[in-house]
2 protein chains.
Amino acid sequence: MPQLGLLHGRAWTVFLGQLRRPPGAVCIRAVRSHSQGTRDLSPQQMVVREKILNVVVSCFKRHGAKGLDTPAFELKEILTEKYGEDSGLIYDLKDQGGELLSLRYDLTVPFARYLAMNKVKKMKRYHVGKVWRRESPTIVQGRYREFYQCDFDIAGQFDPMIPDAECLKIMCEILSELHLGDFLIKVNDRRILDGIFAVCGVPESKFHAICSSVDKLDKISWKDVRHEMVVKKGLAPEVADRIGDYVQCHGGISLVEQMFQDPRLSQNKQALEGLGDLKLLFEYLTVFGVAEKVSFDLSLARGLDYYTGVIYEAVLLQTPVHAEEEPLNVGSVAAGGRYDGLVGMFDPRGHKVPCVGLSIGVERIFSIVEQRMKTFGEKIRTTETQVFVATPQKNFLQERLKLIAELWDAGIKAELMYKNNPKLLPQLQYCENMGIPLVVIIGEQELKEGVIKLRSVPSREEVAIKRENLVAEVQKRLSES
Amino acid sequence: MPQLGLLHGRAWTVFLGQLRRPPGAVCIRAVRSHSQGTRDLSPQQMVVREKILNVVVSCFKRHGAKGLDTPAFELKEILTEKYGEDSGLIYDLKDQGGELLSLRYDLTVPFARYLAMNKVKKMKRYHVGKVWRRESPTIVQGRYREFYQCDFDIAGQFDPMIPDAECLKIMCEILSELHLGDFLIKVNDRRILDGIFAVCGVPESKFHAICSSVDKLDKISWKDVRHEMVVKKGLAPEVADRIGDYVQCHGGISLVEQMFQDPRLSQNKQALEGLGDLKLLFEYLTVFGVAEKVSFDLSLARGLDYYTGVIYEAVLLQTPVHAEEEPLNVGSVAAGGRYDGLVGMFDPRGHKVPCVGLSIGVERIFSIVEQRMKTFGEKIRTTETQVFVATPQKNFLQERLKLIAELWDAGIKAELMYKNNPKLLPQLQYCENMGIPLVVIIGEQELKEGVIKLRSVPSREEVAIKRENLVAEVQKRLSES
């Protein structure tokens, strides 16, 4: 497959700008797979996804957010220099004449572009949509090249930390409602990190690179991060060690107070601003009743370039087997932060619109919920069909079609077998398999008497009802169940 | 902009296979637009879209369909040779190493690929998702390069025309429920068209090309189509004239009977099969009570390569100003047909799975509904907020935060102003503007008395209720309204 890709790739360059297929290019008819790192969602998976998205979107609406949709691709320039070291993961479209386009990498940059383009100064919006990243083809559990993001953002100039606290409250509400078990939200502030880098002696030109290294602390040890800082990024070992003293700290509101007293950090204006905001944030989180879910974690860095203030990330905790062990971090499921400069990058005059937001990592949540359902052997109904129209005799297709049309026209979810003369048993078996609760049966006897039989699938009880009462009777039964 | 696009394009080829930006490439910071032929959906538009999609998806579920999702892009080979003359409109992704990918052009080909790949022999599924086509950049009303499709398909070997009739019934249900005015569904059959071409003397190698010409009859006159057939596609003029005699016919079930008697067409086996199926289809549509919405139209061809049997297309009719005029066709809003060979193209052994389905053209419907709402000046609520938490005094932020957290935790949709000390009037004005029905007010007086004020926005009436009864009282009010 890769060879073929290369062959095509080279051939295309010869025919630059043309739309025809190069002569002799191989055409495969029997390919049966989809592209690497992507997947189809089966009906079972779609049901799980729908349930999770419902919880997420309901919460966003509960907090007064409006919906917004943006195109799957943006002008390439829009995405340039927004994502730091990860920019290489952006999918570009082929130049087929016209504009250079890229698939969106997240929903935040398109939102900022929308605000700037429409000169919107204030907006609370949510957006559920797919994004695309050319991650390494080996798929770690729940990591794909195409995945859903569910974003909630508040744009506008407001009093400090009120929208930020709401974002954290939303993360708590969603994670609680989804029953994912215990979780923790790590918070930090880019200004505190920059302050740490400054007082530790990192040259300003290396802030971004060192920030990227710190970001890896949830995946690799401090020893390895330190090695990267010193060997790859050319930091003096003693500077790295000073950083290490800070970024290995985490705690609650008391750690904020402690950092205020830190002899070096308290000399840095930026760090003090960040600490002041975090203090206020913890105050509001206490009022919201969620402060105990939040931890000030100096190692939290977040990879993206555009954050300017508070940043946060929610991780699920696995209750340890032994009481003395620390809870295990089983991965990030939500994250976000403040990005006050991004909108200004799209405005010709650089007018800024401060923003703060969050993104729910639903793919990760899908796989956790899916796994849980498998473990507990939960059966999922993949259709919502309420009634099945059946017959025990031949030559009843027209009668069945007449009956089912009546049900559909009354808004009742109904199915029948696409056969002229089906046998009764497979019809009833289908209902059992699919969890359809009611069967309407029409046969010679019923036709003669002007009735139909109504059968309850779970109890197997059957009653005859008048033909003309069909819809009313079915609706009554369904409302009772 | 196009110049820049070309510059980038050329520069890329020099750096083939590399991910770095070519040195000296221009970087624009102040770009503010999205790509041609795409659009953002504003909150107002999102509300309209949500309502329309709800109607469509509810109908699909009413007919027992399961959900399915496929990736936005497929391997390029999957899409090759499926779309006839329109294949040039497929968006390709850039070769960044690895596979050659294309954005999906419709939802039908990915569905067929899914069935073949998973060896599924029977499935009723719906799929709502975006598709992408590089249409000419001039945007005709409601025509975009990125748009939603809503598809319903039935795969499997069943008795003839029962699933096909259900597809037409579904189209009728959706178009009626959306109140789009009068509509008509044109039906034809690819085998009848092929039969016509055969008996008129079209060489078999030209069937596809001539079919594409016939497909244009809803946009250009027979004279122009005939010209294309003769001049561009090299058909003998008398052959074109014979085709013209057929494809200008349309009517109901009686036209089917008439074609059965046609001396030339009745000699063609394929045509007879198609006519037999259409006869049966009309029988079932009569039972469903929708036959009068359906017209046998010999000019209907449908552009796509993969149809093999019955094809159909729903058009909206505009009631003419003068009674003697024919209703005006204001464009296609739904279409589909039978494609029995497509799944087999993806199966290594060529195993076929017969399919029939339909696609709702929701973009067109969006713009019609939007236009109608503008005409009637309908106001759309873009949020669902039920309660606003307000204060008339300073220093009540903490109290407001406490109150709103209680409401959120009880599942009530609530907002507040992100200000430490907002004035009361703008808070109440916001509620009026946004259509929020209830306001919870807390001030010094209320705090002292252990109450809060509940204000109805429409009536402006206020009552004091006990602080601890807040949630219960709000829920009661909301359930009554």
# chains A, B, ... in the order shown; residues from 1 in each chain; ligands from 1
call {"tool": "select_by_dssp", "arguments": {"residues": "region 306-417 of chain A", "states": "strand (DSSP E or B)", "output": "VMD selection string"}}
result
chain A and resid 310 to 318 328 to 338 355 to 360 387 to 390 414 to 416
call {"tool": "residues_around", "arguments": {"residues": "region 458-469 of chain A", "least_positions_apart": "3", "cutoff": "9 Å", "atoms": "only C-alpha atoms", "output": "number ranges by chain"}}
result
A: 432, 435, 437-438, 446-447, 449-455, 472-474
call {"tool": "closest_residue", "arguments": {"among": "A:His127, A:Lys82, A:Lys293, A:Arg39", "to": "chain B", "atoms": "only C-alpha atoms"}}
result
A:Arg39
call {"tool": "residues_around", "arguments": {"residues": "Lys169 (chain B)", "least_positions_apart": "3", "cutoff": "8 Å", "atoms": "only C-alpha atoms", "output": "list in words"}}
result
Ala165, Glu166, Cys172, Glu173, Leu285, Phe288 and Val290 of chain B
call {"tool": "closest_residue", "arguments": {"among": "A:Asn433, A:Gln386, A:Gln270, A:Ser205", "to": "chain B", "atoms": "only C-alpha atoms"}}
result
A:Gln386
call {"tool": "closest_residue", "arguments": {"among": "B:Arg104, B:Arg62, B:Arg302, B:Arg143", "to": "Tyr126 (chain B)", "atoms": "only C-alpha atoms"}}
result
B:Arg62
call {"tool": "residues_around", "arguments": {"residues": "Lys122 (chain B)", "least_positions_apart": "4", "cutoff": "8 Å", "atoms": "only C-alpha atoms", "output": "PDB file with N, CA, C and O atoms, in the first residue's frame"}}
result
ATOM      1  N   ILE B 154     -31.721   0.633   2.355  1.00  0.00           N
ATOM      2  CA  ILE B 154     -32.072  -0.732   2.731  1.00  0.00           C
ATOM      3  C   ILE B 154     -31.242  -1.680   1.873  1.00  0.00           C
ATOM      4  O   ILE B 154     -31.363  -1.675   0.651  1.00  0.00           O
ATOM      5  N   ALA B 155     -30.384  -2.453   2.539  1.00  0.00           N
ATOM      6  CA  ALA B 155     -29.538  -3.418   1.832  1.00  0.00           C
ATOM      7  C   ALA B 155     -30.059  -4.808   2.105  1.00  0.00           C
ATOM      8  O   ALA B 155     -30.448  -5.118   3.233  1.00  0.00           O
ATOM      9  N   GLY B 156     -30.086  -5.646   1.093  1.00  0.00           N
ATOM     10  CA  GLY B 156     -30.495  -7.026   1.292  1.00  0.00           C
ATOM     11  C   GLY B 156     -31.331  -7.548   0.140  1.00  0.00           C
ATOM     12  O   GLY B 156     -31.887  -6.778  -0.630  1.00  0.00           O
ATOM     13  N   GLN B 157     -31.394  -8.873   0.073  1.00  0.00           N
ATOM     14  CA  GLN B 157     -32.166  -9.549  -0.972  1.00  0.00           C
ATOM     15  C   GLN B 157     -33.590  -9.728  -0.473  1.00  0.00           C
ATOM     16  O   GLN B 157     -33.831 -10.508   0.440  1.00  0.00           O
ATOM     17  N   VAL B 353     -24.790  -7.362  -2.975  1.00  0.00           N
ATOM     18  CA  VAL B 353     -25.850  -7.121  -1.995  1.00  0.00           C
ATOM     19  C   VAL B 353     -26.745  -6.040  -2.606  1.00  0.00           C
ATOM     20  O   VAL B 353     -26.327  -4.901  -2.755  1.00  0.00           O
TER      21      VAL B 353
END
call {"tool": "residues_around", "arguments": {"residues": "Trp408 (chain A)", "least_positions_apart": "3", "cutoff": "9 Å", "atoms": "only C-alpha atoms", "output": "JSON, numbers by chain"}}
result
{"A": [403, 404, 405, 411, 412, 413, 414], "B": [59, 62, 63, 173]}
call {"tool": "write_last_selection", "arguments": {"atoms": "C-alpha atoms", "output": "CSV table (one decimal), in the first residue's frame"}}
result
chain,number,residue,atom,x,y,z
A,403,LEU,CA,-51.6,-1.3,8.5
A,404,ILE,CA,-48.0,-0.2,8.7
A,405,ALA,CA,-48.8,3.0,6.7
A,411,GLY,CA,-45.9,8.7,14.2
A,412,ILE,CA,-45.5,5.2,15.5
A,413,LYS,CA,-42.1,3.4,14.8
A,414,ALA,CA,-42.9,0.3,12.9
B,59,CYS,CA,-38.7,9.6,10.2
B,62,ARG,CA,-39.8,5.5,12.6
B,63,HIS,CA,-38.9,3.2,9.7
B,173,GLU,CA,-43.5,11.7,5.0
call {"tool": "decode", "arguments": {"residues": "region 238-274 of chain B", "atoms": "N, CA and C atoms", "output": "short mmCIF file (atom, residue, chain, number, x, y, z; two decimals), in the first residue's frame"}}
result
data_model
loop_
_atom_site.label_atom_id
_atom_site.label_comp_id
_atom_site.auth_asym_id
_atom_site.auth_seq_id
_atom_site.Cartn_x
_atom_site.Cartn_y
_atom_site.Cartn_z
N GLU B 238 -31.23 11.16 -36.17
CA GLU B 238 -32.50 10.43 -36.12
C GLU B 238 -32.60 9.57 -34.85
N VAL B 239 -31.43 9.11 -34.37
CA VAL B 239 -31.43 8.37 -33.10
C VAL B 239 -31.83 9.30 -31.97
N ALA B 240 -31.24 10.49 -31.95
CA ALA B 240 -31.57 11.48 -30.93
C ALA B 240 -33.07 11.80 -30.96
N ASP B 241 -33.62 11.95 -32.18
CA ASP B 241 -35.04 12.27 -32.28
C ASP B 241 -35.92 11.16 -31.72
N ARG B 242 -35.51 9.92 -31.97
CA ARG B 242 -36.28 8.78 -31.43
C ARG B 242 -36.25 8.82 -29.90
N ILE B 243 -35.05 9.10 -29.34
CA ILE B 243 -34.94 9.22 -27.87
C ILE B 243 -35.88 10.32 -27.38
N GLY B 244 -35.86 11.43 -28.11
CA GLY B 244 -36.68 12.59 -27.74
C GLY B 244 -38.16 12.24 -27.60
N ASP B 245 -38.64 11.35 -28.49
CA ASP B 245 -40.05 10.97 -28.42
C ASP B 245 -40.37 10.31 -27.07
N TYR B 246 -39.42 9.55 -26.55
CA TYR B 246 -39.65 8.87 -25.28
C TYR B 246 -39.46 9.80 -24.09
N VAL B 247 -38.29 10.43 -24.04
CA VAL B 247 -37.91 11.09 -22.79
C VAL B 247 -38.75 12.35 -22.52
N GLN B 248 -39.58 12.72 -23.45
CA GLN B 248 -40.44 13.86 -23.17
C GLN B 248 -41.79 13.43 -22.61
N CYS B 249 -41.95 12.12 -22.32
CA CYS B 249 -43.20 11.61 -21.76
C CYS B 249 -43.18 11.60 -20.24
N HIS B 250 -44.26 11.99 -19.63
CA HIS B 250 -44.42 11.73 -18.20
C HIS B 250 -45.88 11.58 -17.85
N GLY B 251 -46.17 10.82 -16.82
CA GLY B 251 -47.56 10.55 -16.44
C GLY B 251 -47.61 9.58 -15.29
N GLY B 252 -48.79 9.05 -15.02
CA GLY B 252 -48.94 8.17 -13.86
C GLY B 252 -48.83 6.70 -14.28
N ILE B 253 -49.54 5.87 -13.54
CA ILE B 253 -49.51 4.44 -13.79
C ILE B 253 -49.96 4.11 -15.21
N SER B 254 -50.84 4.96 -15.77
CA SER B 254 -51.34 4.69 -17.12
C SER B 254 -50.21 4.76 -18.16
N LEU B 255 -49.21 5.61 -17.90
CA LEU B 255 -48.07 5.70 -18.83
C LEU B 255 -47.25 4.40 -18.78
N VAL B 256 -47.21 3.79 -17.61
CA VAL B 256 -46.53 2.50 -17.50
C VAL B 256 -47.23 1.49 -18.42
N GLU B 257 -48.57 1.43 -18.32
CA GLU B 257 -49.36 0.53 -19.16
C GLU B 257 -49.11 0.83 -20.64
N GLN B 258 -49.08 2.13 -20.96
CA GLN B 258 -48.88 2.56 -22.35
C GLN B 258 -47.53 2.08 -22.88
N MET B 259 -46.50 2.17 -22.04
CA MET B 259 -45.16 1.76 -22.47
C MET B 259 -45.06 0.24 -22.66
N PHE B 260 -45.88 -0.49 -21.86
CA PHE B 260 -45.95 -1.94 -22.04
C PHE B 260 -46.43 -2.27 -23.45
N GLN B 261 -47.28 -1.39 -23.99
CA GLN B 261 -47.85 -1.62 -25.32
C GLN B 261 -46.98 -1.04 -26.43
N ASP B 262 -45.95 -0.27 -26.05
CA ASP B 262 -45.13 0.39 -27.06
C ASP B 262 -44.48 -0.68 -27.97
N PRO B 263 -44.69 -0.58 -29.30
CA PRO B 263 -44.22 -1.65 -30.20
C PRO B 263 -42.72 -1.90 -30.11
N ARG B 264 -41.92 -0.84 -29.98
CA ARG B 264 -40.48 -1.05 -29.92
C ARG B 264 -40.02 -1.46 -28.53
N LEU B 265 -40.44 -0.67 -27.52
CA LEU B 265 -39.95 -0.89 -26.15
C LEU B 265 -40.36 -2.27 -25.62
N SER B 266 -41.55 -2.73 -25.99
CA SER B 266 -42.04 -4.02 -25.48
C SER B 266 -41.22 -5.19 -26.02
N GLN B 267 -40.33 -4.92 -26.98
CA GLN B 267 -39.44 -5.97 -27.50
C GLN B 267 -38.16 -6.09 -26.67
N ASN B 268 -37.96 -5.14 -25.75
CA ASN B 268 -36.69 -5.11 -25.00
C ASN B 268 -36.87 -5.70 -23.61
N LYS B 269 -36.10 -6.76 -23.34
CA LYS B 269 -36.26 -7.53 -22.11
C LYS B 269 -36.03 -6.65 -20.87
N GLN B 270 -34.92 -5.88 -20.91
CA GLN B 270 -34.59 -5.01 -19.77
C GLN B 270 -35.71 -4.02 -19.47
N ALA B 271 -36.19 -3.38 -20.53
CA ALA B 271 -37.25 -2.38 -20.36
C ALA B 271 -38.49 -3.02 -19.74
N LEU B 272 -38.80 -4.23 -20.19
CA LEU B 272 -39.98 -4.91 -19.66
C LEU B 272 -39.82 -5.20 -18.16
N GLU B 273 -38.62 -5.60 -17.77
CA GLU B 273 -38.36 -5.83 -16.34
C GLU B 273 -38.59 -4.54 -15.55
N GLY B 274 -38.04 -3.45 -16.05
CA GLY B 274 -38.20 -2.16 -15.39
C GLY B 274 -39.67 -1.76 -15.30
#
